[in-house]
Structure formats: C-alpha cells, structure tokens
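Written out below as structure tokens is the structure these notes cover.
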Amino acid sequence: MSASPGSAQQASATHISGSTGKSDITIGLMSAMKEEVDSLIPEIQNKTEEEHGKRIYYKGVLWGNKVVIVFSRWGKVAAAATSAILIERYNCGEIIFTGVAGGVAHGLNVGDVVVADRLVQHDMDATPIFKRWEIPLLGAKFFHVSEARREQLASAAELFLSDRIHADTTKEQLLKFGISSPKVVTGLAASGDKFFSSGEDLDRLRSDLPNVACVEMEGAAVAQVCFEHCVPFSVVRTISDGADDGAHVDFQAFVNEIATVYSHGILELALSRSLPLEN
C-alpha cells in the first residue's frame, strides 16, 4: 500500500499557482550538502538568520519567493528534525530538497539528474508486525511528491542541462567526471542511513526494490514528515556515483564542481522563470 498523494498534492494545488510558479507561501529549501546551501546564501534578499538545533536557518527572498534555507546534515533523523522545524517554526508551506545520490537504475550515469516521483525508506523493516518498507501506523510504503512542482523541476533540470551546463561548468570539469550527455529521469528514490559503496549491496537493493532509480540518505524522511503535516514536497538529486565500489572516488570534488552548480541552476530556473505549473 502506498501513501495517497491526495493530502500533500491538494495542499500543492492550493498554494502553487500561476504561470511563474510564484506563490505567497514560504518555501523551505533543504540540502544535505553544505556547499549547495552556501551557494544560495549570497542570492537571498532581506536575509536574516537564526540558529536552532545546531543549524543555521537563512530566511529571506530568493528569486521572488519567500524562503527559508538550511543545511540539514546527513541522514534520516537529521533531515526529519530539520523538516519539522521548517514546518512548525517557520510555517513553510512547501519543502524542496536537493543533493546528490548514487545511481541504481541501469543507464543512469554520473551527472544525470533524478527528480523523484515517489520515495521509500529502504531500511525500514518492522516485519512481521508490519510489511517490509511500511511505515508503522501510517500504512504507507511510498510517499508521492507534489506533481506540479515535480514537473516544473524536471523542466528546469532539462533546461539547465541543455542550455546552462556549458556556461556554468568547464569542459575540463565535465571531462574529469565523465559527463557527456547528461539526462533527467523521473523515478523512485530510496532513502536510508547507509552510504552505498559496494556492488554487493547495490545488487541486493536492486533485487529488493527493482524500480529504484537512485539511493540517498534523507529524502524519504523529509517525505514522511511532510506527509504527516500535509505539506507538499519535492526531491531533486544529482547522480554523483554508481553506488558501488567507486562511490567514494572524488566525491567532494564532484560536490564542489558539479552538484552545487546543478542545484543552484535548477532551483534558479524553477523558482524564477516562467515555467508553467499545472495543478
């Protein structure tokens, strides 16, 4: 049984409107990569900052949208705690999460972008009391993102990869990471408190959840918090590795030179340009 998209998507239809995607709500922008957050901070107008739970929350206006931006840190608990503060303390009516992920689906390459349509916690196992991957007491395995924002973010990612990537990166950087024809994929993202860095673990995940596009450590926890609060959410991930034995190679360099540029460009295109939102 999967969580119905109804509650969160009804909220999305209420809050997100118009041809530009601008709204009067406050959008929470989260990333597990500090570098991605740091790249957005200089763009914030009327910026204020507050510390809660060892995190700095930056509040202001970004490309015409009221936002609160925060570095969530790594892992499901960290991401869930951060999401709850965004919703309860800052009254965020939507959350967008960006970051990197390991590619799981065959055909995904370093430099591709996954815009999640559903999320699952691959390490949730309360059997035999509940079915595997089912969140206890919620009756849900999969959490659906905001359809309107998902389509907008996918369009923004495609536009970035076709028009902006060569302006925002160098040929040397793309060659360094083997990025030649990057693409955008919409699919299932799996989250868990594990960094995948072995082919054996990857094969096991593919066997257990054959429809997974990518694996990461935060998105489904954010999804659960948003679902419980009826807040629409979206997750965008840049593929940094193949979630196998080479996953650790040049990871920090990839974050600095590629992932940060991707997330900044995609968010800017999605939040500031006239990309239609169809509710």
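How things are named: the first chain in the structure tokens is A, the next is B, and so on; residues count from 1 in each chain; ligands count from 1 in the order shown.
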- [ ] Mind checking which residues fall within 12 Å of Asp117 of chain A, counting only C-alpha atoms, ignoring those fewer than 5 positions away in the same chain, and posting them as a ChimeraX atom specification?
- [x] /A:5,9,142-151,153-154,185-190,211-214,219-220,223,233-237
TODO: Just list the residues in segment 49-216 of chain A DSSP gives helix (DSSP H, G or I) on the backbone, as a PyMOL selection string.
DONE: chain A and resi 76-88+147-168+171-176+199-208
- [ ] Can you pull out every residue within 10 Å of segment 84-90 of chain A, counting only C-alpha atoms, but drop anything in the same chain fewer than 5 positions away, and send it as an MDAnalysis selection string?
- [x] chainID A and resid 26:30 52:53 57 59 67:70 79 95 222 225:226 229 231
Any chance you could export the current selection's N, CA and C atoms as a tab-separated table (two decimals), in the first residue's frame?
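Listed below is the output, selection_22.tsv:
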```tsv
chain	number	residue	atom	x	y	z
A	26	THR	N	5.82	30.34	2.14
A	26	THR	CA	7.26	30.26	2.36
A	26	THR	C	7.73	28.86	1.97
A	27	ILE	N	8.75	28.81	1.12
A	27	ILE	CA	9.31	27.54	0.66
A	27	ILE	C	10.54	27.20	1.48
A	28	GLY	N	10.57	25.99	2.03
A	28	GLY	CA	11.76	25.52	2.71
A	28	GLY	C	12.68	24.84	1.72
A	29	LEU	N	13.91	25.32	1.63
A	29	LEU	CA	14.91	24.73	0.74
A	29	LEU	C	15.96	24.05	1.60
A	30	MET	N	16.07	22.74	1.43
A	30	MET	CA	16.99	21.93	2.23
A	30	MET	C	18.00	21.23	1.35
A	52	HIS	N	18.88	27.08	15.30
A	52	HIS	CA	18.02	26.15	16.04
A	52	HIS	C	18.58	24.75	15.86
A	53	GLY	N	18.74	24.03	16.95
A	53	GLY	CA	19.20	22.65	16.85
A	53	GLY	C	20.51	22.48	16.12
A	57	TYR	N	19.34	28.70	10.02
A	57	TYR	CA	18.22	28.86	9.09
A	57	TYR	C	18.28	30.27	8.51
A	59	LYS	N	16.60	33.10	6.30
A	59	LYS	CA	15.26	33.49	5.88
A	59	LYS	C	15.35	34.75	5.03
A	67	VAL	N	11.58	32.36	1.29
A	67	VAL	CA	12.25	31.08	1.53
A	67	VAL	C	12.87	31.04	2.90
A	68	VAL	N	13.09	29.81	3.37
A	68	VAL	CA	13.99	29.54	4.49
A	68	VAL	C	14.93	28.44	3.99
A	69	ILE	N	16.22	28.69	4.07
A	69	ILE	CA	17.22	27.78	3.51
A	69	ILE	C	18.06	27.21	4.65
A	70	VAL	N	18.32	25.89	4.60
A	70	VAL	CA	19.06	25.28	5.69
A	70	VAL	C	19.82	24.05	5.22
A	79	ALA	N	17.49	14.94	8.76
A	79	ALA	CA	16.60	15.54	7.76
A	79	ALA	C	15.19	15.71	8.31
A	95	ILE	N	8.33	22.15	0.83
A	95	ILE	CA	9.76	21.87	1.02
A	95	ILE	C	10.33	21.27	-0.25
A	222	VAL	N	12.21	13.23	4.92
A	222	VAL	CA	11.54	14.51	4.67
A	222	VAL	C	10.11	14.26	4.17
A	225	VAL	N	7.69	13.32	7.06
A	225	VAL	CA	7.31	14.48	7.87
A	225	VAL	C	6.32	15.36	7.11
A	226	CYS	N	6.59	15.61	5.84
A	226	CYS	CA	5.69	16.44	5.03
A	226	CYS	C	4.32	15.77	4.88
A	229	HIS	N	2.21	16.24	7.87
A	229	HIS	CA	1.77	17.62	8.07
A	229	HIS	C	1.00	18.16	6.86
A	231	VAL	N	2.02	18.80	3.85
A	231	VAL	CA	2.84	19.82	3.18
A	231	VAL	C	3.44	19.21	1.92
```
Open item on the list: List as a ChimeraX atom specification the protein and nucleic acid residues near Lys141 of chain A, meaning an atom at most 12 Å away when only C-alpha atoms are counted, but skip any in the same chain fewer than 5 places from it.
Closed with: /A:1-4,118-126,130-136,188,190-191,209,220-221,223-224,227
May I have the residues from that selection written out with N, CA, C and O atoms, as a tab-separated table (two decimals), in the first residue's frame?
```
chain	number	residue	atom	x	y	z
A	1	MET	N	0.85	-1.19	0.00
A	1	MET	CA	0.00	0.00	0.00
A	1	MET	C	0.88	1.23	0.00
A	1	MET	O	1.81	1.34	0.77
A	2	SER	N	0.61	2.18	-0.85
A	2	SER	CA	1.42	3.40	-0.91
A	2	SER	C	0.60	4.57	-0.41
A	2	SER	O	-0.62	4.58	-0.47
A	3	ALA	N	1.30	5.56	0.14
A	3	ALA	CA	0.62	6.74	0.64
A	3	ALA	C	-0.06	7.47	-0.49
A	3	ALA	O	0.54	7.71	-1.53
A	4	SER	N	-1.30	7.80	-0.29
A	4	SER	CA	-2.03	8.54	-1.32
A	4	SER	C	-1.42	9.90	-1.50
A	4	SER	O	-1.06	10.57	-0.54
A	118	ARG	N	8.33	9.36	-6.31
A	118	ARG	CA	7.97	8.68	-5.06
A	118	ARG	C	9.24	8.44	-4.26
A	118	ARG	O	10.34	8.42	-4.82
A	119	LEU	N	9.06	8.23	-2.96
A	119	LEU	CA	10.21	7.92	-2.10
A	119	LEU	C	9.86	6.80	-1.16
A	119	LEU	O	8.70	6.65	-0.75
A	120	VAL	N	10.88	5.99	-0.82
A	120	VAL	CA	10.70	4.86	0.08
A	120	VAL	C	11.91	4.78	1.00
A	120	VAL	O	13.03	5.12	0.61
A	121	GLN	N	11.69	4.35	2.25
A	121	GLN	CA	12.79	4.13	3.18
A	121	GLN	C	13.24	2.67	3.04
A	121	GLN	O	12.59	1.76	3.55
A	122	HIS	N	14.36	2.47	2.36
A	122	HIS	CA	14.78	1.11	2.03
A	122	HIS	C	15.23	0.32	3.26
A	122	HIS	O	15.30	-0.92	3.22
A	123	ASP	N	15.52	1.02	4.36
A	123	ASP	CA	15.97	0.32	5.56
A	123	ASP	C	14.87	0.18	6.61
A	123	ASP	O	15.13	-0.22	7.74
A	124	MET	N	13.62	0.50	6.24
A	124	MET	CA	12.51	0.31	7.17
A	124	MET	C	12.04	-1.14	7.09
A	124	MET	O	11.58	-1.61	6.05
A	125	ASP	N	12.15	-1.87	8.19
A	125	ASP	CA	11.75	-3.27	8.21
A	125	ASP	C	11.23	-3.62	9.61
A	125	ASP	O	11.99	-3.95	10.51
A	126	ALA	N	9.92	-3.50	9.78
A	126	ALA	CA	9.28	-3.84	11.05
A	126	ALA	C	8.50	-5.14	10.94
A	126	ALA	O	7.52	-5.36	11.64
A	130	PHE	N	4.61	-5.40	10.67
A	130	PHE	CA	4.19	-4.64	9.50
A	130	PHE	C	4.92	-5.19	8.28
A	130	PHE	O	5.95	-5.85	8.40
A	131	LYS	N	4.38	-4.88	7.12
A	131	LYS	CA	5.04	-5.30	5.89
A	131	LYS	C	6.35	-4.55	5.72
A	131	LYS	O	6.51	-3.43	6.21
A	132	ARG	N	7.28	-5.18	5.03
A	132	ARG	CA	8.57	-4.55	4.81
A	132	ARG	C	8.38	-3.21	4.08
A	132	ARG	O	7.59	-3.10	3.15
A	133	TRP	N	9.13	-2.22	4.50
A	133	TRP	CA	9.13	-0.85	3.99
A	133	TRP	C	7.91	-0.04	4.42
A	133	TRP	O	7.86	1.15	4.16
A	134	GLU	N	6.94	-0.67	5.06
A	134	GLU	CA	5.77	0.08	5.50
A	134	GLU	C	6.11	0.87	6.76
A	134	GLU	O	6.70	0.34	7.70
A	135	ILE	N	5.73	2.15	6.78
A	135	ILE	CA	5.97	2.98	7.94
A	135	ILE	C	4.93	2.62	9.01
A	135	ILE	O	3.72	2.73	8.77
A	136	PRO	N	5.38	2.16	10.17
A	136	PRO	CA	4.43	1.75	11.21
A	136	PRO	C	3.39	2.83	11.52
A	136	PRO	O	3.72	4.00	11.68
A	188	LEU	N	11.63	6.54	-8.71
A	188	LEU	CA	11.61	6.23	-7.28
A	188	LEU	C	12.98	6.46	-6.65
A	188	LEU	O	13.98	5.95	-7.15
A	190	ALA	N	15.19	5.91	-3.14
A	190	ALA	CA	15.22	5.13	-1.90
A	190	ALA	C	16.16	5.79	-0.91
A	190	ALA	O	17.28	6.17	-1.26
A	191	SER	N	15.70	5.91	0.33
A	191	SER	CA	16.49	6.59	1.36
A	191	SER	C	16.77	5.64	2.52
A	191	SER	O	15.94	4.80	2.87
A	209	LEU	N	14.22	-3.86	-4.44
A	209	LEU	CA	13.39	-2.77	-4.96
A	209	LEU	C	13.80	-2.49	-6.41
A	209	LEU	O	14.53	-1.54	-6.69
A	220	ALA	N	13.29	10.38	1.85
A	220	ALA	CA	12.06	9.73	2.31
A	220	ALA	C	11.71	10.12	3.73
A	220	ALA	O	10.53	10.05	4.12
A	221	ALA	N	12.69	10.52	4.54
A	221	ALA	CA	12.40	11.01	5.88
A	221	ALA	C	11.71	12.37	5.80
A	221	ALA	O	10.74	12.64	6.53
A	223	ALA	N	9.99	13.28	3.28
A	223	ALA	CA	8.67	12.95	2.71
A	223	ALA	C	7.69	12.54	3.80
A	223	ALA	O	6.52	12.93	3.78
A	224	GLN	N	8.14	11.73	4.75
A	224	GLN	CA	7.24	11.27	5.81
A	224	GLN	C	6.77	12.44	6.67
A	224	GLN	O	5.57	12.55	7.00
A	227	PHE	N	4.31	14.47	4.67
A	227	PHE	CA	3.05	13.74	4.53
A	227	PHE	C	2.22	13.88	5.80
A	227	PHE	O	1.01	14.11	5.75
```
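Distances to Val110 of chain A were evaluated for A:Phe196, A:Phe177, A:Trp63, A:Phe97 using only C-alpha atoms, and the minimum falls at A:Phe177.
Picture a line from atom CA of Lys194 of chain A to atom CA of Ala101 of chain A; it runs 11.6 Å.
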TODO: Go ahead and compute the interatomic distance for atom CA of Gly75 of chain A and atom CA of Asp193 of chain A, in Å to one decimal.
DONE: 5.5 Å
Open item on the list: Among segment 87-254 of chain A, which ones does DSSP assign to strand (DSSP E or B) (computed from the backbone)? Answer as a ChimeraX atom specification.
Closed with: /A:94-103,113-121,135,140,143-144,184-191,212-216,233-241
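Atom pair atom CA of Glu35 of chain A / atom CA of Ile258 of chain A has a distance of 10.7 Å (rounded to one decimal).
Counting only C-alpha atoms and comparing A:Ile179, A:Leu40, A:Val215, A:Ala157, the residue that lies closest to Val115 of chain A is A:Ala157.
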Contacts of Leu62 of chain A at 6 Å or less, counting only C-alpha atoms, minus same-chain residues fewer than 2 places along, as a compact mmCIF listing (two decimals) with N, CA and C atoms, in the first residue's frame?
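Result file follows (selection30.txt):
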```txt
# COMPACT_ATOMS: atom_id res chain seq x y z
N ILE A 44 20.16 35.61 -1.46
CA ILE A 44 19.00 35.93 -0.64
C ILE A 44 18.91 37.44 -0.40
N GLY A 64 12.37 36.09 -5.96
CA GLY A 64 10.97 36.46 -5.86
C GLY A 64 10.12 35.60 -4.97
N ASN A 65 10.72 34.60 -4.30
CA ASN A 65 9.99 33.68 -3.43
C ASN A 65 10.44 33.84 -1.98
```
Task: Which of A:Phe71, A:Phe251, A:Phe195, A:Phe160 sits closest to Glu268 of chain A [using only C-alpha atoms] - done: A:Phe160
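Using only C-alpha atoms, the shortest contact distance between Ser83 of chain A and any of A:Leu108, A:Glu228, A:Glu158, A:Glu172 is found at A:Glu228.
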